[in-house]
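Some notes on the structure that comes next.
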Amino acid sequence: MRIISGKFKGRRFNPPADKWPTRPTTDMAKEGLFNILQHALDFESLKVLDLFGGTGSHSYEFISRGCEDVTYVDKFPACAKFVEQVAKQLDIQAFIKIVNADVFRFIERSVVQYDFIFADPPFQMPAIDTLPNLVFEKNMLSPGGWFVLEHNGLHDFETHPRFTQQRHYGGTHFSFFEMPAVEGA
């Protein structure tokens, strides 16, 4: 795992390999995603939520690019502990909130709005198709905020009312959703 750009560009981190409960996004897919985001978002002003955060790869990438408010959520204690260790190594503890919790319970209890939400659930998880609706029903995005869901080609979100685009890099697909901006603002 490596950080692609920003302050920590090129830094590598290796999560424990034995029985690790994650499927990290490939560097090619992550680089493609962040190229899109780099041209559309102001990282320094974002409040980011990283769901199914796994190794923390996306959280580190946001912080490396200037984001100072990232919330990482994953239910596996080993993942949360690994992210805590990397946060200490990078000295970014002030910029990341690490939440060791079930993502669906976290969403259910959420009262905070985010400018950008990224979700990278296990591809075989049956509830993947429910995630966009849950995010919008719980009003988790601020006006103009984006939700990006990573998934495989077995899922199609193009008919979702808040869907804006899909990009794919090999077998990795990113579906983009947007909360409408407040009119007249």
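Chain labels run A, B, ... following the order of the structure tokens; each chain numbers its residues from 1, and ligands are numbered from 1 in the order shown.
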Could you pull out the strand (DSSP E or B) residues of chain A from DSSP and send them as JSON, numbers by chain?
{"A": [2, 12, 48, 49, 50, 51, 70, 71, 72, 73, 74, 96, 97, 98, 99, 100, 114, 115, 116, 117, 118, 119, 141, 142, 143, 144, 145, 146, 147, 148, 149, 150, 151, 163, 164, 165, 166, 167, 168, 169, 172, 173, 174, 175, 176, 177, 178]}
Next, dump the selected residues to file, keeping only N, CA and C atoms, as a compact mmCIF listing (two decimals), in the first residue's frame.
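And here is the file that came out, result.txt:
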```txt
# COMPACT_ATOMS: atom_id res chain seq x y z
N ARG A 2 0.55 2.18 -0.86
CA ARG A 2 1.35 3.41 -0.89
C ARG A 2 0.44 4.63 -0.98
N ARG A 12 5.06 4.01 2.01
CA ARG A 12 4.47 2.67 1.91
C ARG A 12 4.18 2.12 3.30
N VAL A 48 -14.40 14.51 5.71
CA VAL A 48 -14.44 13.23 5.00
C VAL A 48 -14.83 12.09 5.93
N LEU A 49 -15.63 11.17 5.39
CA LEU A 49 -15.98 9.94 6.09
C LEU A 49 -15.51 8.77 5.23
N ASP A 50 -14.71 7.88 5.81
CA ASP A 50 -14.16 6.71 5.12
C ASP A 50 -14.79 5.47 5.75
N LEU A 51 -15.82 4.91 5.07
CA LEU A 51 -16.54 3.75 5.58
C LEU A 51 -15.92 2.46 5.07
N VAL A 70 -10.88 13.86 8.89
CA VAL A 70 -11.24 12.55 8.35
C VAL A 70 -11.74 11.66 9.47
N THR A 71 -12.88 11.01 9.23
CA THR A 71 -13.38 10.00 10.16
C THR A 71 -13.29 8.66 9.44
N TYR A 72 -12.59 7.74 10.06
CA TYR A 72 -12.37 6.39 9.55
C TYR A 72 -13.24 5.43 10.36
N VAL A 73 -13.97 4.53 9.66
CA VAL A 73 -14.83 3.57 10.35
C VAL A 73 -14.58 2.17 9.80
N ASP A 74 -14.29 1.23 10.69
CA ASP A 74 -14.18 -0.18 10.32
C ASP A 74 -14.48 -1.01 11.55
N ILE A 96 -7.40 12.70 12.10
CA ILE A 96 -8.19 11.49 11.85
C ILE A 96 -8.85 11.00 13.13
N LYS A 97 -10.15 10.74 13.00
CA LYS A 97 -10.92 10.11 14.08
C LYS A 97 -11.09 8.65 13.68
N ILE A 98 -10.64 7.74 14.52
CA ILE A 98 -10.70 6.32 14.21
C ILE A 98 -11.84 5.70 15.02
N VAL A 99 -12.82 5.17 14.29
CA VAL A 99 -13.99 4.58 14.93
C VAL A 99 -14.02 3.09 14.62
N ASN A 100 -13.90 2.27 15.66
CA ASN A 100 -13.96 0.82 15.51
C ASN A 100 -15.41 0.42 15.77
N TYR A 114 -21.18 15.20 6.20
CA TYR A 114 -19.84 15.19 5.63
C TYR A 114 -19.89 15.78 4.22
N ASP A 115 -18.76 16.30 3.78
CA ASP A 115 -18.66 16.83 2.42
C ASP A 115 -18.35 15.72 1.42
N PHE A 116 -17.68 14.68 1.91
CA PHE A 116 -17.31 13.57 1.04
C PHE A 116 -17.36 12.28 1.86
N ILE A 117 -18.06 11.29 1.32
CA ILE A 117 -18.12 9.97 1.95
C ILE A 117 -17.62 8.96 0.94
N PHE A 118 -16.70 8.13 1.39
CA PHE A 118 -16.19 7.04 0.57
C PHE A 118 -16.52 5.73 1.27
N ALA A 119 -17.04 4.75 0.53
CA ALA A 119 -17.34 3.43 1.09
C ALA A 119 -16.71 2.36 0.21
N LEU A 141 -24.79 13.66 3.93
CA LEU A 141 -24.00 14.54 3.06
C LEU A 141 -24.44 15.98 3.20
N SER A 142 -23.48 16.87 3.25
CA SER A 142 -23.81 18.29 3.24
C SER A 142 -24.24 18.67 1.82
N PRO A 143 -24.93 19.80 1.64
CA PRO A 143 -25.34 20.22 0.30
C PRO A 143 -24.13 20.30 -0.64
N GLY A 144 -24.26 19.69 -1.80
CA GLY A 144 -23.17 19.63 -2.76
C GLY A 144 -22.16 18.53 -2.47
N GLY A 145 -22.38 17.76 -1.39
CA GLY A 145 -21.46 16.70 -1.00
C GLY A 145 -21.52 15.50 -1.92
N TRP A 146 -20.43 14.75 -1.94
CA TRP A 146 -20.31 13.57 -2.79
C TRP A 146 -20.23 12.30 -1.96
N PHE A 147 -20.82 11.24 -2.49
CA PHE A 147 -20.68 9.90 -1.95
C PHE A 147 -20.12 9.03 -3.07
N VAL A 148 -19.01 8.34 -2.81
CA VAL A 148 -18.42 7.44 -3.80
C VAL A 148 -18.41 6.03 -3.20
N LEU A 149 -18.99 5.10 -3.95
CA LEU A 149 -19.09 3.71 -3.53
C LEU A 149 -18.22 2.85 -4.44
N GLU A 150 -17.29 2.12 -3.84
CA GLU A 150 -16.46 1.19 -4.60
C GLU A 150 -17.16 -0.17 -4.62
N HIS A 151 -17.21 -0.79 -5.80
CA HIS A 151 -17.88 -2.08 -5.93
C HIS A 151 -17.35 -2.79 -7.16
N PHE A 163 -27.34 9.41 -8.48
CA PHE A 163 -26.19 8.90 -9.22
C PHE A 163 -25.75 9.96 -10.23
N THR A 164 -24.43 10.16 -10.35
CA THR A 164 -23.92 11.13 -11.33
C THR A 164 -23.00 10.51 -12.37
N GLN A 165 -22.19 9.53 -11.96
CA GLN A 165 -21.27 8.91 -12.91
C GLN A 165 -20.70 7.63 -12.33
N GLN A 166 -20.11 6.82 -13.22
CA GLN A 166 -19.39 5.63 -12.80
C GLN A 166 -18.07 5.57 -13.55
N ARG A 167 -17.03 5.19 -12.85
CA ARG A 167 -15.72 4.98 -13.47
C ARG A 167 -15.27 3.59 -13.07
N HIS A 168 -14.53 2.95 -13.96
CA HIS A 168 -13.99 1.65 -13.56
C HIS A 168 -12.54 1.50 -14.01
N TYR A 169 -11.81 0.79 -13.18
CA TYR A 169 -10.38 0.54 -13.37
C TYR A 169 -10.20 -0.96 -13.16
N THR A 172 -12.50 -2.92 -10.62
CA THR A 172 -12.96 -2.00 -9.57
C THR A 172 -13.81 -0.91 -10.19
N HIS A 173 -15.01 -0.73 -9.65
CA HIS A 173 -15.94 0.30 -10.13
C HIS A 173 -16.17 1.31 -9.01
N PHE A 174 -16.26 2.57 -9.40
CA PHE A 174 -16.62 3.64 -8.47
C PHE A 174 -17.90 4.29 -8.98
N SER A 175 -18.95 4.23 -8.17
CA SER A 175 -20.19 4.95 -8.49
C SER A 175 -20.21 6.22 -7.67
N PHE A 176 -20.51 7.34 -8.34
CA PHE A 176 -20.53 8.66 -7.71
C PHE A 176 -21.98 9.10 -7.53
N PHE A 177 -22.26 9.68 -6.38
CA PHE A 177 -23.58 10.21 -6.05
C PHE A 177 -23.36 11.60 -5.48
N GLU A 178 -24.37 12.47 -5.65
CA GLU A 178 -24.19 13.84 -5.14
C GLU A 178 -25.47 14.32 -4.46
```
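Between A:Lys47 and the candidates A:Tyr60, A:Phe95, A:Phe8, A:Phe82, the tightest atom-to-atom separation, counting only C-alpha atoms, involves A:Phe95.
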Any idea what's packed within 12 Å of A:Glu108, counting only C-alpha atoms, ignoring anything in its chain fewer than 6 positions away? Could you give it as number ranges by chain?
A: 101-102, 131, 133-140
Limited to C-alpha atoms, could you put the picked residues into a file as an mmCIF file, in the first residue's frame?
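out08.cif written:
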```cif
data_model
loop_
_atom_site.group_PDB
_atom_site.id
_atom_site.type_symbol
_atom_site.label_atom_id
_atom_site.label_comp_id
_atom_site.auth_asym_id
_atom_site.auth_seq_id
_atom_site.Cartn_x
_atom_site.Cartn_y
_atom_site.Cartn_z
ATOM 1 C CA ALA A 101 -17.626 0.027 14.794
ATOM 2 C CA ASP A 102 -20.007 -1.725 12.443
ATOM 3 C CA LEU A 131 -25.681 1.910 0.981
ATOM 4 C CA ASN A 133 -30.144 4.961 0.095
ATOM 5 C CA LEU A 134 -28.914 4.734 3.695
ATOM 6 C CA VAL A 135 -26.489 7.631 3.225
ATOM 7 C CA PHE A 136 -29.191 9.855 1.718
ATOM 8 C CA GLU A 137 -31.978 8.766 4.109
ATOM 9 C CA LYS A 138 -29.755 9.647 7.080
ATOM 10 C CA ASN A 139 -28.899 13.021 5.470
ATOM 11 C CA MET A 140 -25.179 12.331 5.927
#
```
Excluding A:Ser45 and any residue of its chain fewer than 6 positions from it, enumerate the residues within 9 Å of it, using only C-alpha atoms, and give them as number ranges by chain.
A: 66-69, 115
When you draw a straight line from atom CA of A:Ile128 to atom CA of A:Pro24, how long is it in Å?
16.7 Å
Which one is closest to A:Glu61: A:Glu31, A:Asp91, A:Asp120, A:Asp156? Count only C-alpha atoms.
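Closest to A:Glu61, using only C-alpha atoms: A:Glu31.
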I need the helix (DSSP H, G or I) residues of chain A per DSSP on the backbone, written as a PyMOL selection string.
chain A and resi 27-38+43-45+57-64+77-90+93-95+103-109+126-137
